[in-house]
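Structure file entry-v3.txt (compact mmCIF, C-alpha atoms and all ligand atoms) is printed below.
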```txt
# COMPACT_ATOMS: atom_id res chain seq x y z
CA MET A 104 31.07 3.12 -26.34
CA SER A 105 34.09 5.42 -26.68
CA GLY A 106 33.68 7.60 -29.74
CA ASN A 107 30.05 6.60 -30.45
CA SER A 108 28.37 8.86 -32.99
CA PRO A 109 27.30 12.24 -31.59
CA ASN A 110 23.93 11.78 -33.35
CA SER A 111 23.34 8.27 -32.08
CA GLY A 112 20.16 9.31 -30.26
CA LEU A 113 21.61 7.81 -27.10
CA ILE A 114 20.01 8.69 -23.79
CA VAL A 115 22.56 8.54 -21.00
CA VAL A 116 21.49 8.30 -17.37
CA ILE A 117 24.18 8.92 -14.76
CA GLY A 118 23.44 7.25 -11.42
CA GLY A 119 21.25 4.18 -10.89
CA GLY A 120 19.63 5.19 -7.59
CA PHE A 121 15.95 5.94 -7.07
CA GLY A 122 15.77 8.67 -9.71
CA GLY A 123 18.10 7.28 -12.36
CA LEU A 124 16.84 3.70 -12.23
CA THR A 125 13.23 4.90 -12.43
CA THR A 126 14.09 7.04 -15.48
CA ALA A 127 15.90 4.26 -17.32
CA LEU A 128 13.18 1.67 -16.66
CA SER A 129 10.41 4.09 -17.51
CA LEU A 130 12.06 5.08 -20.81
CA VAL A 131 12.25 1.52 -22.10
CA ARG A 132 8.85 0.63 -20.72
CA HIS A 133 7.12 3.47 -22.57
CA ARG A 134 9.33 3.51 -25.68
CA PRO A 135 10.92 0.07 -26.05
CA ASN A 136 13.29 0.97 -28.92
CA THR A 137 14.97 3.82 -27.04
CA SER A 138 18.76 3.45 -26.67
CA VAL A 139 19.47 3.90 -22.97
CA VAL A 140 22.81 3.68 -21.20
CA LEU A 141 22.84 3.66 -17.40
CA ILE A 142 26.18 4.54 -15.80
CA GLU A 143 26.42 3.30 -12.21
CA PRO A 144 29.60 2.18 -10.39
CA ARG A 145 27.92 -0.06 -7.80
CA SER A 146 26.87 -3.60 -8.64
CA LYS A 147 23.78 -3.48 -6.41
CA PHE A 148 20.87 -1.08 -6.09
CA VAL A 149 20.35 -0.24 -2.42
CA PHE A 150 16.82 0.34 -1.20
CA LEU A 151 17.92 2.84 1.46
CA PRO A 152 14.61 3.10 3.40
CA LEU A 153 14.96 -0.59 4.25
CA LEU A 154 18.59 -0.46 5.41
CA TYR A 155 17.40 -0.48 9.05
CA GLU A 156 15.62 -3.79 8.53
CA LEU A 157 18.83 -5.24 7.11
CA LEU A 158 20.65 -4.11 10.26
CA SER A 159 18.09 -5.80 12.50
CA GLY A 160 17.95 -8.95 10.40
CA GLU A 161 14.24 -8.42 9.65
CA LEU A 162 15.10 -8.47 5.95
CA LYS A 163 17.75 -10.26 3.90
CA ARG A 164 20.47 -8.65 1.85
CA TRP A 165 19.02 -9.79 -1.49
CA GLU A 166 15.68 -8.20 -0.60
CA VAL A 167 17.19 -4.82 0.21
CA ALA A 168 19.99 -4.77 -2.36
CA PRO A 169 19.27 -6.64 -5.60
CA SER A 170 21.95 -6.62 -8.30
CA TYR A 171 21.63 -4.32 -11.28
CA SER A 172 22.18 -7.29 -13.58
CA SER A 173 19.01 -8.93 -12.21
CA LEU A 174 17.02 -5.67 -12.31
CA LEU A 175 17.97 -4.81 -15.87
CA LYS A 176 17.86 -8.31 -17.34
CA GLY A 177 15.95 -8.35 -20.63
CA LYS A 178 15.16 -4.63 -20.43
CA GLY A 179 17.46 -3.52 -23.27
CA ILE A 180 19.30 -1.02 -21.04
CA VAL A 181 23.10 -0.99 -21.37
CA LEU A 182 24.78 -0.85 -17.95
CA VAL A 183 28.20 0.76 -17.71
CA GLU A 184 29.63 -0.10 -14.28
CA GLU A 185 31.81 2.97 -13.96
CA TYR A 186 31.95 6.31 -12.27
CA VAL A 187 31.40 9.49 -14.29
CA GLU A 188 34.31 11.85 -13.68
CA LYS A 189 33.31 14.74 -15.89
CA ILE A 190 30.56 16.09 -18.13
CA ASP A 191 31.05 18.46 -21.08
CA ILE A 192 27.68 20.05 -21.72
CA ASN A 193 28.86 21.98 -24.80
CA LYS A 194 30.26 18.91 -26.56
CA LYS A 195 27.51 16.66 -25.13
CA GLN A 196 30.02 14.18 -23.76
CA VAL A 197 30.42 12.18 -20.57
CA PHE A 198 33.86 11.01 -19.37
CA THR A 199 34.07 7.88 -17.23
CA SER A 200 36.62 6.66 -14.68
CA LEU A 201 37.97 4.08 -17.17
CA ASN A 202 38.45 6.76 -19.83
CA LYS A 203 35.37 6.08 -21.90
CA ILE A 204 33.96 9.08 -23.71
CA ILE A 205 30.24 8.71 -24.31
CA ASN A 206 28.38 11.07 -26.65
CA TYR A 207 24.82 11.67 -25.57
CA HIS A 208 21.72 12.96 -27.29
CA LYS A 209 19.93 13.55 -23.99
CA LEU A 210 21.47 13.34 -20.53
CA VAL A 211 19.91 12.65 -17.14
CA ILE A 212 22.05 13.43 -14.09
CA ALA A 213 20.86 11.53 -11.00
CA THR A 214 23.98 11.18 -8.88
CA GLY A 215 22.33 11.70 -5.48
CA SER A 216 24.05 12.86 -2.32
CA LYS A 217 26.65 11.80 0.21
CA PRO A 218 27.17 12.46 3.93
CA ASP A 219 28.33 15.94 4.84
CA ALA A 220 30.26 16.82 8.00
CA LEU A 221 28.81 20.37 7.93
CA GLY A 222 32.26 21.72 8.64
CA VAL A 223 32.59 19.91 11.99
CA PRO A 224 36.19 18.71 12.48
CA GLY A 225 36.84 15.01 13.09
CA VAL A 226 33.59 13.64 11.63
CA PHE A 227 34.99 11.67 8.70
CA GLU A 228 37.92 10.39 10.76
CA ASN A 229 35.87 9.13 13.71
CA ALA A 230 32.18 8.72 12.91
CA LEU A 231 30.28 5.91 11.25
CA MET A 232 27.86 6.79 8.46
CA PHE A 233 24.68 5.03 7.51
CA ASN A 234 24.01 5.41 3.82
CA GLN A 235 25.39 2.32 2.12
CA LEU A 236 25.45 -1.43 2.33
CA ASN A 237 28.90 -1.69 3.94
CA ASP A 238 27.81 0.61 6.76
CA VAL A 239 25.32 -2.05 7.90
CA GLU A 240 28.10 -4.60 8.42
CA ILE A 241 30.28 -2.07 10.29
CA LEU A 242 27.39 -1.15 12.56
CA LYS A 243 26.49 -4.80 13.18
CA GLY A 244 30.11 -5.30 14.29
CA LEU A 245 29.89 -2.37 16.70
CA ILE A 246 26.60 -3.62 18.20
CA SER A 247 27.99 -7.10 18.68
CA ARG A 248 31.22 -5.76 20.28
CA MET A 249 29.27 -3.51 22.64
CA ASN A 250 26.86 -6.25 23.66
CA SER A 251 29.73 -8.56 24.60
CA SER A 252 32.13 -5.98 26.02
CA CYS A 253 32.89 -5.46 29.71
CA ASP A 254 34.05 -1.93 28.92
CA ASN A 255 32.25 0.67 31.03
CA ARG A 256 32.11 3.17 28.13
CA LYS A 257 28.69 1.92 27.14
CA THR A 258 27.44 4.88 25.15
CA ILE A 259 26.46 5.26 21.52
CA ILE A 260 25.96 8.74 20.13
CA ILE A 261 23.81 9.43 17.09
CA VAL A 262 24.11 12.94 15.68
CA GLY A 263 21.03 14.24 13.84
CA ALA A 264 17.43 13.48 14.82
CA GLY A 265 16.02 13.57 11.29
CA ALA A 266 14.40 10.43 9.91
CA THR A 267 17.66 8.46 9.62
CA GLY A 268 18.81 9.34 13.15
CA VAL A 269 15.46 8.52 14.76
CA GLU A 270 14.90 5.27 12.85
CA LEU A 271 18.43 4.15 13.56
CA ALA A 272 18.23 5.04 17.26
CA CYS A 273 15.06 2.95 17.74
CA LYS A 274 16.36 -0.01 15.77
CA ILE A 275 19.78 -0.01 17.47
CA SER A 276 18.20 0.32 20.88
CA ASP A 277 16.19 -2.86 20.25
CA LEU A 278 19.42 -4.65 19.33
CA LEU A 279 21.55 -3.47 22.26
CA SER A 280 21.60 -4.79 25.79
CA GLU A 281 19.82 -2.61 28.36
CA ASP A 282 22.91 -1.21 30.07
CA ILE A 283 23.97 0.65 26.92
CA THR A 284 22.99 4.30 26.63
CA ILE A 285 22.01 5.97 23.35
CA ASN A 286 22.34 9.74 23.10
CA LEU A 287 20.54 11.35 20.18
CA ILE A 288 21.85 14.85 19.48
CA GLU A 289 19.82 17.40 17.52
CA ILE A 290 20.48 21.08 16.94
CA GLY A 291 16.76 21.85 16.41
CA ASP A 292 14.16 22.07 19.16
CA ARG A 293 12.29 18.90 18.20
CA VAL A 294 13.05 15.50 16.70
CA LEU A 295 12.09 15.00 13.03
CA PRO A 296 12.02 18.77 12.38
CA LYS A 297 10.66 18.31 8.83
CA SER A 298 8.05 15.63 9.55
CA HIS A 299 4.30 15.52 10.05
CA SER A 300 3.30 16.18 13.68
CA PHE A 301 1.72 12.72 14.09
CA ASN A 302 5.02 11.08 13.13
CA GLN A 303 6.91 13.46 15.44
CA GLU A 304 4.72 12.46 18.38
CA GLN A 305 5.00 8.75 17.60
CA ALA A 306 8.78 9.08 17.27
CA GLU A 307 9.08 10.92 20.61
CA GLN A 308 7.05 8.19 22.32
CA ALA A 309 9.15 5.46 20.74
CA LEU A 310 12.41 7.16 21.76
CA ASN A 311 11.20 7.81 25.32
CA LYS A 312 9.97 4.25 25.73
CA ARG A 313 13.45 3.02 24.87
CA ARG A 314 15.04 5.52 27.28
CA ILE A 315 17.02 7.09 24.47
CA LYS A 316 18.43 10.39 25.72
CA ILE A 317 17.45 13.23 23.40
CA LEU A 318 19.71 16.27 23.53
CA LEU A 319 17.84 19.04 21.69
CA ARG A 320 19.23 22.50 20.79
CA THR A 321 22.66 20.95 20.94
CA ARG A 322 25.46 21.65 18.47
CA VAL A 323 28.38 19.28 17.93
CA LEU A 324 31.53 21.38 17.75
CA ARG A 325 34.15 18.68 17.25
CA VAL A 326 34.34 14.90 17.07
CA ASN A 327 37.36 13.36 18.78
CA ARG A 328 38.41 9.70 18.85
CA ASP A 329 36.36 8.84 21.93
CA ASN A 330 34.36 11.95 22.77
CA VAL A 331 32.44 14.83 21.20
CA GLN A 332 32.49 18.47 22.21
CA ILE A 333 28.96 19.81 22.37
CA GLN A 334 27.32 23.13 23.15
CA ASN A 335 23.78 24.13 24.04
CA VAL A 336 22.71 26.64 21.38
CA ALA A 337 19.73 27.92 23.42
CA GLN A 338 22.04 29.59 25.99
CA SER A 339 24.58 32.01 24.58
CA ASP A 340 26.86 31.67 27.63
CA SER A 341 26.75 27.85 27.84
CA GLN A 342 30.01 26.02 28.39
CA ASN A 343 31.24 23.36 25.98
CA VAL A 344 30.70 19.86 27.31
CA SER A 345 32.58 16.69 26.47
CA LEU A 346 30.54 13.52 25.96
CA GLY A 347 32.32 10.17 25.72
CA TYR A 348 31.27 7.41 23.36
CA ALA A 349 32.15 3.90 22.25
CA GLY A 350 30.48 4.40 18.90
CA LEU A 351 29.29 7.51 17.05
CA ILE A 352 26.99 7.62 14.03
CA TRP A 353 26.71 10.79 11.99
CA THR A 354 23.37 11.38 10.23
CA ALA A 355 23.32 15.17 10.49
CA GLY A 356 23.94 16.26 6.93
CA VAL A 357 24.10 15.32 3.28
CA LYS A 358 25.42 17.19 0.28
CA PRO A 359 24.74 16.69 -3.41
CA THR A 360 27.37 14.91 -5.46
CA VAL A 361 27.60 16.15 -9.07
CA PRO A 362 30.36 15.11 -11.53
CA LEU A 363 32.92 17.76 -12.45
CA GLY A 364 32.88 19.93 -15.55
CA ILE A 365 29.58 21.80 -15.16
CA ALA A 366 30.00 25.58 -14.85
CA SER A 367 29.04 27.24 -11.57
CA GLU A 368 26.30 29.31 -13.25
CA PHE A 369 24.15 26.15 -13.47
CA PHE A 370 24.17 25.66 -9.68
CA SER A 371 22.42 27.06 -6.65
CA GLU A 372 23.76 25.88 -3.27
CA GLU A 373 25.63 23.01 -4.96
CA ARG A 374 22.48 21.70 -6.72
CA LEU A 375 21.69 21.97 -10.42
CA VAL A 376 18.90 24.47 -11.01
CA ILE A 377 16.03 22.96 -12.99
CA ASP A 378 12.97 24.37 -14.72
CA SER A 379 9.45 23.00 -14.36
CA SER A 380 10.16 20.32 -17.02
CA LEU A 381 13.18 19.11 -14.94
CA ARG A 382 15.71 20.38 -17.50
CA VAL A 383 18.81 22.11 -16.20
CA LYS A 384 18.22 25.82 -16.77
CA GLY A 385 20.36 26.88 -19.73
CA ALA A 386 21.14 23.32 -20.89
CA GLU A 387 18.13 22.06 -22.81
CA ASP A 388 19.36 18.50 -23.43
CA VAL A 389 20.24 17.87 -19.79
CA PHE A 390 17.83 16.80 -17.04
CA ALA A 391 18.75 16.83 -13.34
CA ILE A 392 16.66 14.82 -10.90
CA GLY A 393 16.51 13.66 -7.29
CA ASP A 394 18.79 14.94 -4.56
CA ILE A 395 21.01 16.97 -6.91
CA ALA A 396 18.17 18.98 -8.44
CA CYS A 397 17.16 22.42 -7.22
CA ASP A 398 13.70 23.67 -8.14
CA LEU A 399 13.64 27.27 -6.95
CA ASN A 400 9.81 27.20 -6.87
CA SER A 401 9.49 24.18 -4.62
CA LEU A 402 10.47 23.31 -1.06
CA SER A 403 10.42 19.55 -1.52
CA MET A 404 13.78 17.84 -1.87
CA GLY A 405 15.94 14.99 -0.66
CA THR A 406 13.54 12.05 -0.66
CA ALA A 407 13.28 8.83 -2.59
CA GLN A 408 9.68 9.53 -3.49
CA LEU A 409 10.63 12.87 -5.05
CA ALA A 410 13.50 11.22 -6.97
CA MET A 411 11.17 8.54 -8.34
CA GLN A 412 8.49 11.02 -9.34
CA HIS A 413 11.22 13.08 -11.04
CA GLY A 414 12.41 9.94 -12.82
CA GLU A 415 8.99 9.20 -14.26
CA VAL A 416 8.49 12.76 -15.54
CA ALA A 417 12.06 13.04 -16.88
CA ALA A 418 11.45 9.89 -18.95
CA GLN A 419 8.11 11.24 -20.11
CA ASN A 420 9.70 14.54 -21.18
CA ILE A 421 12.63 12.92 -22.96
CA ILE A 422 10.17 10.89 -25.01
CA ALA A 423 8.17 14.07 -25.68
CA LEU A 424 11.34 15.84 -26.88
CA CYS A 425 12.22 12.91 -29.17
CA GLU A 426 8.69 13.01 -30.59
CA LYS A 427 8.66 16.83 -30.77
CA ARG A 428 5.71 17.14 -28.38
CA PRO A 429 5.33 19.78 -25.62
CA LEU A 430 6.89 18.92 -22.27
CA ASN A 431 4.99 18.22 -19.06
CA HIS A 432 5.39 20.35 -15.96
CA PHE A 433 6.50 18.46 -12.90
CA GLU A 434 4.12 18.55 -9.96
CA TYR A 435 5.14 16.86 -6.76
CA VAL A 436 2.50 14.66 -5.14
CA ASP A 437 3.21 14.22 -1.44
CA ARG A 438 2.26 10.62 -0.75
CA GLY A 439 3.10 10.66 2.91
CA GLU A 440 5.86 9.51 5.16
CA MET A 441 6.59 6.12 6.68
CA LEU A 442 9.15 5.59 9.42
CA SER A 443 10.25 2.43 11.15
CA LEU A 444 10.34 2.85 14.93
CA GLY A 445 12.20 -0.17 16.25
CA ILE A 446 11.80 -3.85 15.56
CA GLY A 447 8.30 -4.65 14.33
CA LYS A 448 6.95 -1.08 14.70
CA ALA A 449 6.44 1.91 12.39
CA THR A 450 4.43 5.07 11.87
CA ILE A 451 2.70 6.23 8.69
CA THR A 452 1.17 9.58 7.77
CA GLY A 453 -0.28 10.25 4.34
CA LEU A 454 -3.22 9.86 2.02
CA GLY A 455 -5.52 10.49 4.94
CA ILE A 456 -3.99 7.66 6.96
CA THR A 457 -2.32 8.12 10.32
CA ILE A 458 -1.35 4.83 11.86
CA SER A 459 1.41 3.54 14.10
CA GLY A 460 2.57 0.30 15.71
CA PRO A 461 2.83 -3.26 14.37
CA LEU A 462 0.12 -2.79 11.70
CA ALA A 463 1.96 0.27 10.35
CA PHE A 464 5.14 -1.82 10.31
CA ARG A 465 3.44 -4.52 8.25
CA LEU A 466 1.92 -1.95 5.86
CA ARG A 467 5.27 -0.21 5.41
CA ARG A 468 7.01 -3.47 4.70
CA LEU A 469 4.27 -4.59 2.34
CA ALA A 470 4.40 -1.30 0.46
CA TYR A 471 8.14 -1.64 -0.09
CA LEU A 472 8.34 -5.34 -0.70
CA SER A 473 5.11 -6.08 -2.51
CA LYS A 474 6.88 -6.70 -5.78
CA MET A 475 10.34 -7.73 -4.58
CA PRO A 476 12.71 -9.25 -5.59
CA SER A 477 11.99 -7.90 -9.07
CA LEU A 478 12.73 -4.32 -8.13
CA SER A 479 11.87 -3.13 -11.60
CA LEU A 480 8.35 -3.78 -10.40
CA GLY A 481 9.14 -3.15 -6.75
CA ILE A 482 10.36 0.32 -7.49
CA ARG A 483 7.05 1.08 -9.17
CA SER A 484 5.20 -0.15 -6.13
CA ALA A 485 7.24 2.07 -3.84
CA GLY A 486 7.11 4.78 -6.49
CA SER A 487 3.37 4.97 -6.13
CA TRP A 488 4.25 5.96 -2.55
CA PHE A 489 2.65 3.95 -1.20
CA LEU A 490 -0.78 3.39 -2.51
CA PRO A 491 -2.33 4.74 -5.71
CA LEU A 492 -3.69 8.24 -5.17
CA ASP A 493 -7.34 8.20 -6.24
CA GLY A 494 -6.32 6.01 -9.13
CA LYS A 495 -3.93 8.74 -10.34
CA LYS A 496 -0.55 7.58 -11.57
CA ALA A 497 2.60 9.65 -11.55
CA PHE A 498 3.27 8.81 -15.20
C1 LIG B 501 19.48 5.36 5.48
C2 LIG B 501 18.60 6.18 4.59
C3 LIG B 501 17.22 6.02 4.66
C4 LIG B 501 16.38 6.75 3.84
N1 LIG B 501 15.04 6.56 3.95
C5 LIG B 501 14.19 7.24 3.15
C6 LIG B 501 12.78 7.05 3.24
O1 LIG B 501 12.29 6.27 4.06
N2 LIG B 501 12.00 7.74 2.39
C7 LIG B 501 12.51 8.63 1.46
O2 LIG B 501 11.73 9.22 0.70
N3 LIG B 501 13.82 8.86 1.38
C8 LIG B 501 14.69 8.19 2.18
N4 LIG B 501 16.04 8.43 2.12
C9 LIG B 501 16.54 9.44 1.17
C10 LIG B 501 16.59 8.85 -0.23
O3 LIG B 501 17.26 7.60 -0.19
C11 LIG B 501 17.28 9.79 -1.21
O4 LIG B 501 16.62 11.02 -1.20
C12 LIG B 501 17.23 9.18 -2.60
O5 LIG B 501 18.05 8.03 -2.63
C13 LIG B 501 17.69 10.17 -3.66
O6 LIG B 501 17.59 9.55 -4.90
P1 LIG B 501 18.62 9.94 -6.06
O7 LIG B 501 18.22 9.16 -7.26
O8 LIG B 501 18.73 11.41 -6.17
O9 LIG B 501 20.03 9.45 -5.53
P2 LIG B 501 20.48 8.00 -5.03
O10 LIG B 501 19.34 7.13 -4.82
O11 LIG B 501 21.43 8.26 -3.91
O12 LIG B 501 21.31 7.46 -6.27
C14 LIG B 501 22.47 8.08 -6.74
C15 LIG B 501 23.24 7.02 -7.52
O13 LIG B 501 24.22 7.68 -8.29
C16 LIG B 501 25.43 6.93 -8.24
N5 LIG B 501 26.50 7.89 -8.51
C17 LIG B 501 26.95 8.88 -7.70
N6 LIG B 501 27.94 9.57 -8.31
C18 LIG B 501 28.09 9.00 -9.53
C19 LIG B 501 28.94 9.27 -10.64
N7 LIG B 501 29.83 10.29 -10.62
N8 LIG B 501 28.86 8.47 -11.73
C20 LIG B 501 27.96 7.47 -11.79
N9 LIG B 501 27.12 7.17 -10.77
C21 LIG B 501 27.18 7.94 -9.66
C22 LIG B 501 25.44 6.33 -6.85
O14 LIG B 501 26.27 5.17 -6.81
C23 LIG B 501 23.97 6.02 -6.63
O15 LIG B 501 23.63 4.72 -7.03
C24 LIG B 501 16.92 7.70 2.92
C25 LIG B 501 18.30 7.88 2.84
C26 LIG B 501 19.13 7.13 3.68
C27 LIG B 501 20.63 7.34 3.59
```

Translate the structure of the given file into structure tokens.
Amino acid sequence: MSGNSPNSGLIVVIGGGFGGLTTALSLVRHRPNTSVVLIEPRSKFVFLPLLYELLSGELKRWEVAPSYSSLLKGKGIVLVEEYVEKIDINKKQVFTSLNKIINYHKLVIATGSKPDALGVPGVFENALMFNQLNDVEILKGLISRMNSSCDNRKTIIIVGAGATGVELACKISDLLSEDITINLIEIGDRVLPKSHSFNQEQAEQALNKRRIKILLRTRVLRVNRDNVQIQNVAQSDSQNVSLGYAGLIWTAGVKPTVPLGIASEFFSEERLVIDSSLRVKGAEDVFAIGDIACDLNSLSMGTAQLAMQHGEVAAQNIIALCEKRPLNHFEYVDRGEMLSLGIGKATITGLGITISGPLAFRLRRLAYLSKMPSLSLGIRSAGSWFLPLDGKKAF
């Protein structure tokens, strides 16, 4: 690939997560002769919304994390299993970790996000994260140690009561013996601050039923090896309190991860600023999608369904550019929210449906897995999030 012709017409997609994989598959599906290179360092795609079911053993590893080789087989997409170090937008080149230089005609950046400590000292040294396959094994080890331990420090702390924190708290609670306490810490005044009220209520009920202690309006100041320093933000004169733990999971923040080399003028709050066609403002051959994209006219960001909808429209617009047709404007279609709430239970809000309990769990699972293990189809099923909207397709 090194030194390929600058005019090769090559479309390079960086990152094979929800946005990038959708783009690459959609490009070859709609224009089979398109030359597409997907650059992704991991060997397996991870269906992050189902990571909780992998933890609980409700799903198998191959269902949640199929290999890229199986997903891309026969699709005509070239997979480069490397990490992109740097991008040169002026020369239209991408530099990989193994020193490949790839000339692109059009570029899609879909590198997603990674956990962020939000400036709190001690997080990366002491906390577990929950955003990749290995984290599941580490957490399983902790659960098993705690269940069999005679240690009296039987507390798990989860920081952040967004979707990941709440789903994890319920699932872990169902896996732990009853004498273990779970503290869920949230700086806001309600769990799931960004969610639909029905899902908030269902989540609160599920947490209360499991006797998970919810500490709202609470800021974590520092994470030490076996305790956290916390402060109540509702009272200006409140004293710092120390809370001991045997295991701590940090779900409080994420930050976008963009390869080096792109000038600061293209960014707003660490995300690449895009126009309504999903092109990076000021760089007409470069698209930015998913978690790393910043649309100044929209509030929606940071979900798999947004990344997949971006991926479909980015592919559509690249084809339009190649065929010298006008570009489409991206319009986000909110297709609802599904959360797992412990083993065998879930809540769903969207498309006029509000449902919780075991039926919601089965619907959620069906929506995600209906076309597994061929995720090239499965991703489309989840991409329709979760049912077709009045027959309207995103692409
Ligand atoms: C546990 C968990 C549960 C979630 N549940 C839900 C949910 O239920 N619903 C929902 O809508 N969202 C959910 N999300 C959020 C959702 O997963 C993200 O918003 C979504 O993955 C973003 O898609 P993306 O394509 O931008 O990035 P990602 O899907 O993160 O993909 C980025 C890819 O880029 C690769 N990459 C990174 N840097 C480079 C580089 N320099 N070179 C090459 N490749 C690179 C990475 O390896 C990765 O494969 C969840 C997230 C987590 C962590």

- Message: Can you work out which residues are within 6 Å of ligand LIG 501 (chain B), considering only C-alpha atoms and all ligand atoms, and then hand them over as a ChimeraX atom specification?
- Response: /A:117-123,142-145,151-152,154,186-188,213-216,233-234,267,362,393-394,405-408,410

- Expressed in Å, the length from atom CA of Asn250 of chain A to atom CA of Cys273 of chain A is 16.1 Å

Please identify every residue of segment 328-421 of chain A that has at least one atom no farther than 10 Å from an atom of segment 268-271 of chain A, counting all atoms listed in the file, and for each give the shortest atom pair and the distance in Å to one decimal, arranged by chain then increasing number, as JSON lines.
```
{"residue": "A:Ile352", "atom": "CA", "partner": "A:Gly268", "partner_atom": "CA", "distance": 8.4}
{"residue": "A:Trp353", "atom": "CA", "partner": "A:Gly268", "partner_atom": "CA", "distance": 8.1}
{"residue": "A:Thr354", "atom": "CA", "partner": "A:Gly268", "partner_atom": "CA", "distance": 5.8}
{"residue": "A:Ala355", "atom": "CA", "partner": "A:Gly268", "partner_atom": "CA", "distance": 7.8}
```

- Test item: residues at most 12 Å from Gly179 of chain A, only C-alpha atoms, excluding those fewer than 5 positions along its chain, as an MDAnalysis selection string: chainID A and resid 127:132 134:141 172 174

Go ahead and dump the residues you just picked, C-alpha atoms, as an mmCIF file, keeping the file's coordinate frame.
```
data_model
loop_
_atom_site.group_PDB
_atom_site.id
_atom_site.type_symbol
_atom_site.label_atom_id
_atom_site.label_comp_id
_atom_site.auth_asym_id
_atom_site.auth_seq_id
_atom_site.Cartn_x
_atom_site.Cartn_y
_atom_site.Cartn_z
ATOM 1 C CA ALA A 127 15.900 4.260 -17.320
ATOM 2 C CA LEU A 128 13.180 1.670 -16.660
ATOM 3 C CA SER A 129 10.410 4.090 -17.510
ATOM 4 C CA LEU A 130 12.060 5.080 -20.810
ATOM 5 C CA VAL A 131 12.250 1.520 -22.100
ATOM 6 C CA ARG A 132 8.850 0.630 -20.720
ATOM 7 C CA ARG A 134 9.330 3.510 -25.680
ATOM 8 C CA PRO A 135 10.920 0.070 -26.050
ATOM 9 C CA ASN A 136 13.290 0.970 -28.920
ATOM 10 C CA THR A 137 14.970 3.820 -27.040
ATOM 11 C CA SER A 138 18.760 3.450 -26.670
ATOM 12 C CA VAL A 139 19.470 3.900 -22.970
ATOM 13 C CA VAL A 140 22.810 3.680 -21.200
ATOM 14 C CA LEU A 141 22.840 3.660 -17.400
ATOM 15 C CA SER A 172 22.180 -7.290 -13.580
ATOM 16 C CA LEU A 174 17.020 -5.670 -12.310
#
```

- Could you pull the residues within 10 Å of Ala266 of chain A, counting all atoms listed in the file, minus those fewer than 4 positions along the same chain, as a ChimeraX atom specification? /A:152,270-272,294-298,302-303,306,354,440-444

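Here atom CA of Val436 of chain A stands at a distance of 26.4 Å from atom CA of Glu156 of chain A.
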
Spatial neighbours of Ile290 of chain A, max dist 7 Å, all atoms listed in the file, sep filter under 6 positions, as an mmCIF file with C-alpha atoms, in the frame of the given file:
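Output contents, as saved in result36.cif:
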```
data_model
loop_
_atom_site.group_PDB
_atom_site.id
_atom_site.type_symbol
_atom_site.label_atom_id
_atom_site.label_comp_id
_atom_site.auth_asym_id
_atom_site.auth_seq_id
_atom_site.Cartn_x
_atom_site.Cartn_y
_atom_site.Cartn_z
ATOM 1 C CA LEU A 319 17.840 19.040 21.690
ATOM 2 C CA ARG A 320 19.230 22.500 20.790
ATOM 3 C CA THR A 321 22.660 20.950 20.940
ATOM 4 C CA ARG A 322 25.460 21.650 18.470
#
```

- Task: Write out as a list in words the residues lying within 10 Å of Glu304 of chain A, counting only C-alpha atoms and excluding same-chain residues fewer than 3 positions away.
- Result: Arg293, Val294, Leu295, Ser298, His299, Ser300, Phe301, Glu307, Gln308, Ala309, Leu310 and Thr450 of chain A

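The spacing separating atom CA of Met411 of chain A from atom CA of Thr126 of chain A amounts to 7.9 Å.
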
Write out as a tab-separated table (two decimals) with C-alpha atoms, keeping the file's coordinate frame which residues come within 10 Å of Lys189 of chain A when counting all atoms listed in the file, dropping same-chain ones fewer than 3 positions away.
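Resulting contents of out.tsv:
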```
chain	number	residue	atom	x	y	z
A	186	TYR	CA	31.95	6.31	-12.27
A	192	ILE	CA	27.68	20.05	-21.72
A	196	GLN	CA	30.02	14.18	-23.76
A	197	VAL	CA	30.42	12.18	-20.57
A	198	PHE	CA	33.86	11.01	-19.37
A	199	THR	CA	34.07	7.88	-17.23
A	200	SER	CA	36.62	6.66	-14.68
A	204	ILE	CA	33.96	9.08	-23.71
A	361	VAL	CA	27.60	16.15	-9.07
A	362	PRO	CA	30.36	15.11	-11.53
A	363	LEU	CA	32.92	17.76	-12.45
A	364	GLY	CA	32.88	19.93	-15.55
A	365	ILE	CA	29.58	21.80	-15.16
```

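Nearest-residue note for Gln305 of chain A: choosing from A:Tyr471, A:Ser459, A:Gly439, A:Ile261, the minimum distance belongs to A:Ser459, counting all atoms listed in the file.
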
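Across A:Ala470, A:Ala366, A:Ile458, A:Ile451, the tightest approach to Asn193 of chain A is made by A:Ala366 when counting all atoms listed in the file.
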
Mind giving me the axis-aligned box for segment 243-248 of chain A with 3 Å on every side, centre plus edges in Å to one decimal, as lines of an AutoDock Vina configuration file?
```
center_x = 28.9
center_y = -4.7
center_z = 16.7
size_x = 10.7
size_y = 10.7
size_z = 13.1
```

- Task: Select all residues near (21.6, -0.4, 27.6) (cut-off 12 Å, inclusive, file coordinates), counting all atoms listed in the file, and output them as a PyMOL selection string.
- Result: chain A and resi 246+249-251+255-259+275-286+313-316

- Task: Could you tell me which of A:Leu158, A:Ile114, A:Val181, A:Val223 comes closest to Leu236 of chain A if we count only C-alpha atoms?
- Result: A:Leu158

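Of the listed residues (A:Met232, A:Asn327, A:Lys209, A:Leu346), A:Leu346 comes nearest to Ile260 of chain A; the distances count all atoms listed in the file.
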
- Item | Pick from A:Tyr207, A:Phe433, A:Trp165, A:Tyr348, whichever lies nearest to Val389 of chain A using all atoms listed in the file |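 The shortest atom-to-atom distance to Val389 of chain A comes from A:Tyr207.
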